[in-house]
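Here is coords-v3.cif, consisting of mmCIF, C-alpha atoms:
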data_model
loop_
_atom_site.label_atom_id
_atom_site.label_comp_id
_atom_site.auth_asym_id
_atom_site.auth_seq_id
_atom_site.Cartn_x
_atom_site.Cartn_y
_atom_site.Cartn_z
CA MET A 564 0.00 0.00 0.00
CA PRO A 565 1.46 3.39 -0.92
CA VAL A 566 2.39 5.68 1.94
CA CYS A 567 -0.18 8.31 0.93
CA TRP A 568 -2.98 5.77 1.03
CA MET A 569 -1.93 4.46 4.43
CA ASP A 570 -1.81 7.97 5.88
CA ALA A 571 -5.17 8.80 4.34
CA TRP A 572 -6.68 5.56 5.64
CA LYS A 573 -5.41 6.15 9.20
CA HIS A 574 -6.56 9.78 9.16
CA THR A 575 -9.98 8.86 7.77
CA ARG A 576 -10.55 6.21 10.40
CA LYS A 577 -9.75 8.71 13.17
CA THR A 578 -11.67 11.71 11.88
CA THR A 579 -14.57 10.31 9.85
CA GLN A 580 -17.14 11.52 12.37
CA SER A 581 -15.62 14.98 12.84
CA GLN A 582 -14.81 15.77 9.22
CA GLY A 583 -17.12 15.26 6.24
CA PHE A 584 -14.46 15.06 3.53
CA GLY A 585 -12.85 11.71 4.37
CA VAL A 586 -10.10 10.46 2.07
CA LEU A 587 -10.67 12.85 -0.84
CA PRO A 588 -8.35 15.73 0.20
CA TYR A 589 -5.50 13.33 0.96
CA PHE A 590 -6.07 11.41 -2.26
CA PHE A 591 -6.07 14.68 -4.20
CA TRP A 592 -2.81 15.94 -2.69
CA CYS A 593 -1.10 12.56 -3.03
CA THR A 594 -2.11 12.47 -6.70
CA VAL A 595 -0.88 16.02 -7.32
CA PHE A 596 2.41 15.23 -5.57
CA SER A 597 2.94 11.97 -7.48
CA VAL A 598 2.12 13.49 -10.85
CA SER A 599 4.38 16.47 -10.26
CA ILE A 600 7.34 14.34 -9.14
CA PHE A 601 7.05 11.60 -11.78
CA GLY A 602 5.88 13.98 -14.51
CA VAL A 603 8.88 16.27 -14.11
CA ARG A 604 11.26 13.35 -13.84
CA SER A 605 10.01 11.60 -17.00
CA ALA A 606 9.17 14.64 -19.13
CA ASP A 607 12.63 14.54 -20.69
CA GLY A 608 12.00 10.98 -21.85
CA PHE A 609 8.95 12.01 -23.88
CA LEU A 610 10.88 14.40 -26.07
CA SER A 611 12.03 12.96 -29.35
CA LYS A 612 15.55 13.42 -30.64
CA ALA A 613 14.31 16.05 -33.11
CA GLU A 614 12.69 18.05 -30.30
CA LYS A 615 15.83 17.94 -28.16
CA ASN A 616 18.08 19.10 -31.03
CA PRO A 617 16.03 21.45 -33.22
CA ASP A 618 19.07 22.11 -35.47
CA ASP A 619 18.99 18.52 -36.75
CA THR A 620 15.26 18.56 -37.58
CA LEU A 621 15.65 18.70 -41.33
CA VAL A 622 18.25 15.95 -41.43
CA THR A 623 16.73 13.36 -39.08
CA THR A 624 12.99 13.91 -39.49
CA PRO A 625 11.38 11.95 -42.32
CA CYS A 626 9.79 14.16 -44.95
CA TRP A 627 6.32 12.72 -44.33
CA HIS A 628 6.43 14.10 -40.77
CA VAL A 629 6.91 17.72 -41.80
CA GLU A 630 5.22 18.03 -45.20
CA GLU A 631 2.44 16.61 -47.34
CA PHE A 632 3.16 13.32 -49.06
CA VAL A 633 1.74 11.04 -51.72
CA VAL A 634 1.68 7.26 -51.31
CA SER A 635 3.33 5.76 -54.40
CA ASP A 636 3.26 2.05 -53.36
CA GLU A 637 0.52 0.66 -51.14
CA CYS A 638 1.17 -1.07 -47.84
CA LYS A 639 3.05 -4.34 -48.40
CA PRO A 640 4.46 -6.84 -45.90
CA CYS A 641 8.25 -6.84 -45.54
CA ASP A 642 10.21 -9.96 -46.40
CA GLU A 643 12.76 -11.40 -43.95
CA LEU A 644 15.71 -9.40 -45.29
CA GLN A 645 13.81 -6.09 -45.31
CA SER A 646 12.53 -6.61 -41.78
CA LYS A 647 16.13 -6.97 -40.57
CA ILE A 648 17.56 -4.05 -42.56
CA ARG A 649 14.82 -1.40 -42.65
CA PRO A 650 13.88 0.18 -39.31
CA GLU A 651 10.47 1.08 -40.81
CA CYS A 652 9.59 -2.62 -41.04
CA MET A 653 10.13 -3.36 -37.36
CA PRO A 654 7.03 -1.79 -35.71
CA THR A 655 4.35 -3.35 -37.94
CA GLY A 656 6.09 -5.64 -40.42
CA SER A 657 4.74 -3.65 -43.39
CA VAL A 658 5.90 -0.57 -45.30
CA GLU A 659 4.59 1.79 -47.92
CA LYS A 660 6.59 4.00 -50.26
CA VAL A 661 5.83 7.72 -50.01
CA ASN A 662 6.90 10.67 -52.16
CA CYS A 663 7.31 14.14 -50.72
CA PRO A 664 6.84 16.58 -53.63
CA ARG A 665 8.24 19.67 -51.89
CA SER A 666 11.58 18.14 -50.88
CA LYS A 667 11.53 15.66 -53.83
CA ARG A 668 12.38 12.78 -51.50
CA GLU A 669 11.21 9.20 -51.70
CA GLU A 670 11.02 7.36 -48.37
CA TYR A 671 9.46 4.35 -46.73
CA LYS A 672 6.89 4.61 -43.98
CA SER A 673 5.66 1.95 -41.57
CA CYS A 674 2.00 1.07 -42.07
CA ARG A 675 -0.63 -1.38 -40.90
CA SER A 676 -1.84 -3.81 -43.52
CA ILE A 677 -5.46 -4.86 -43.86
CA GLU A 678 -4.55 -8.51 -43.22
CA MET A 679 -2.79 -7.59 -39.99
CA GLU A 680 -5.76 -5.49 -38.84
CA LYS A 681 -8.14 -8.37 -39.60
CA ALA A 682 -5.97 -10.81 -37.67
CA ILE A 683 -5.78 -8.47 -34.67
CA PHE A 684 -9.56 -7.93 -34.77
CA TRP A 685 -10.40 -11.64 -34.90
CA LYS A 686 -7.93 -12.40 -32.10
CA PHE A 687 -9.69 -9.78 -29.99
CA VAL A 688 -13.14 -11.17 -30.85
CA GLY A 689 -11.96 -14.71 -30.05
CA GLY A 690 -10.50 -13.58 -26.74
CA MET A 691 -13.71 -11.79 -25.78
CA MET A 692 -15.82 -14.82 -26.74
CA GLY A 693 -13.56 -17.09 -24.67
CA ALA A 694 -13.74 -14.72 -21.70
CA SER A 695 -17.53 -14.50 -21.95
CA VAL A 696 -17.85 -18.31 -22.01
CA ALA A 697 -15.51 -18.60 -19.01
CA PHE A 698 -17.44 -15.99 -17.01
CA ALA A 699 -20.77 -17.59 -17.98
CA LEU A 700 -19.50 -20.90 -16.56
CA VAL A 701 -18.38 -19.16 -13.37
CA VAL A 702 -21.84 -17.56 -13.02
CA LEU A 703 -23.57 -20.92 -13.55
CA TYR A 704 -21.34 -22.60 -10.97
CA ARG A 705 -21.94 -19.81 -8.46
CA GLN A 706 -25.69 -19.87 -9.08
CA ARG A 707 -25.88 -23.64 -8.55
CA THR A 708 -23.78 -23.35 -5.38
CA LEU A 709 -26.06 -20.65 -3.95
CA ASP A 710 -29.17 -22.61 -4.94
CA GLY A 711 -27.77 -25.67 -3.15
CA ARG A 712 -27.08 -23.61 -0.02
CA ALA A 713 -30.60 -22.17 -0.09
CA LEU A 714 -32.16 -25.64 -0.47
CA GLU A 715 -30.03 -26.96 2.39
CA LYS A 716 -31.12 -24.06 4.58
CA VAL A 717 -34.79 -24.68 3.74
CA ARG A 718 -34.37 -28.43 4.40
CA LYS A 719 -32.84 -27.68 7.84
CA GLN A 720 -35.69 -25.29 8.66
CA ILE A 721 -38.30 -27.90 7.69
CA GLU A 722 -36.53 -30.60 9.74
CA SER A 723 -36.49 -28.37 12.82
CA ILE A 724 -40.30 -28.03 12.78
#
What do you get writing this file as structure tokens?
Amino acid sequence: MPVCWMDAWKHTRKTTQSQGFGVLPYFFWCTVFSVSIFGVRSADGFLSKAEKNPDDTLVTTPCWHVEEFVVSDECKPCDELQSKIRPECMPTGSVEKVNCPRSKREEYKSCRSIEMEKAIFWKFVGGMMGASVAFALVVLYRQRTLDGRALEKVRKQIESI
């Protein structure tokens, strides 16, 4: 249990009758404190390399980040060699070729293929169906257990008469 929660719990138990606010002020201040400490500490990690060094923006930033682009080749899966060589292939396993007319550059951009999206969707649907079946079985088991307890209680009441 975090320290803030323990302090709030102890304080709430002592002063619940005398104070109407309860845990909320302590929770609020603990949250503000945690966000300020961890937010300041990790804010530097959220900056990209281009944001840290604005002089290198034109060199390191892909053209499709800073200007309009036209897709010249549709999204295609990378083969084994491309997935090892091209860093664009690593996040999704597919790339598309883009042209930037203003800078006249031709680059590759990571993309999500329709087949990959379908596979992800059906995995999600299958997982949700499996979870719903599992929870339905848990509910049936619990319902039968409670029904058995109720019948046993009624049987004991009838026997005692």
Exercise for review: Could you tell me which residues the PyMOL selection byres ((chain A and resi 641-645) around 12) grabs in this file, written as a ChimeraX atom specification?
Suggested key: /A:638-640,646-660,671-676
Point to revise | Shell around range 663-665 of chain A at 9 Å using all atoms listed in the file, local window under 6 positions removed, as a PyMOL selection string | key: chain A and resi 626-627+630-634
Point to revise | Separation of CA of Ser635 in chain A from CA of Phe684 in chain A, in Å and rounded to one decimal | key: 27.2 Å
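CA of Ala694 in chain A is positioned 24.1 Å from CA of Asp710 in chain A.
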Exercise for review: Take CA of Lys681 in chain A and CA of Glu637 in chain A and report the distance between them in Å, one decimal.
Suggested key: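 Answer for the CA of Lys681 in chain A to CA of Glu637 in chain A separation: 17.0 Å.
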**Study point:** Minimum-distance residue to Val661 in chain A, chosen among A:Met679, A:Pro625, A:Val696, A:Arg712 (using all atoms listed in the file)
**Key:** A:Pro625
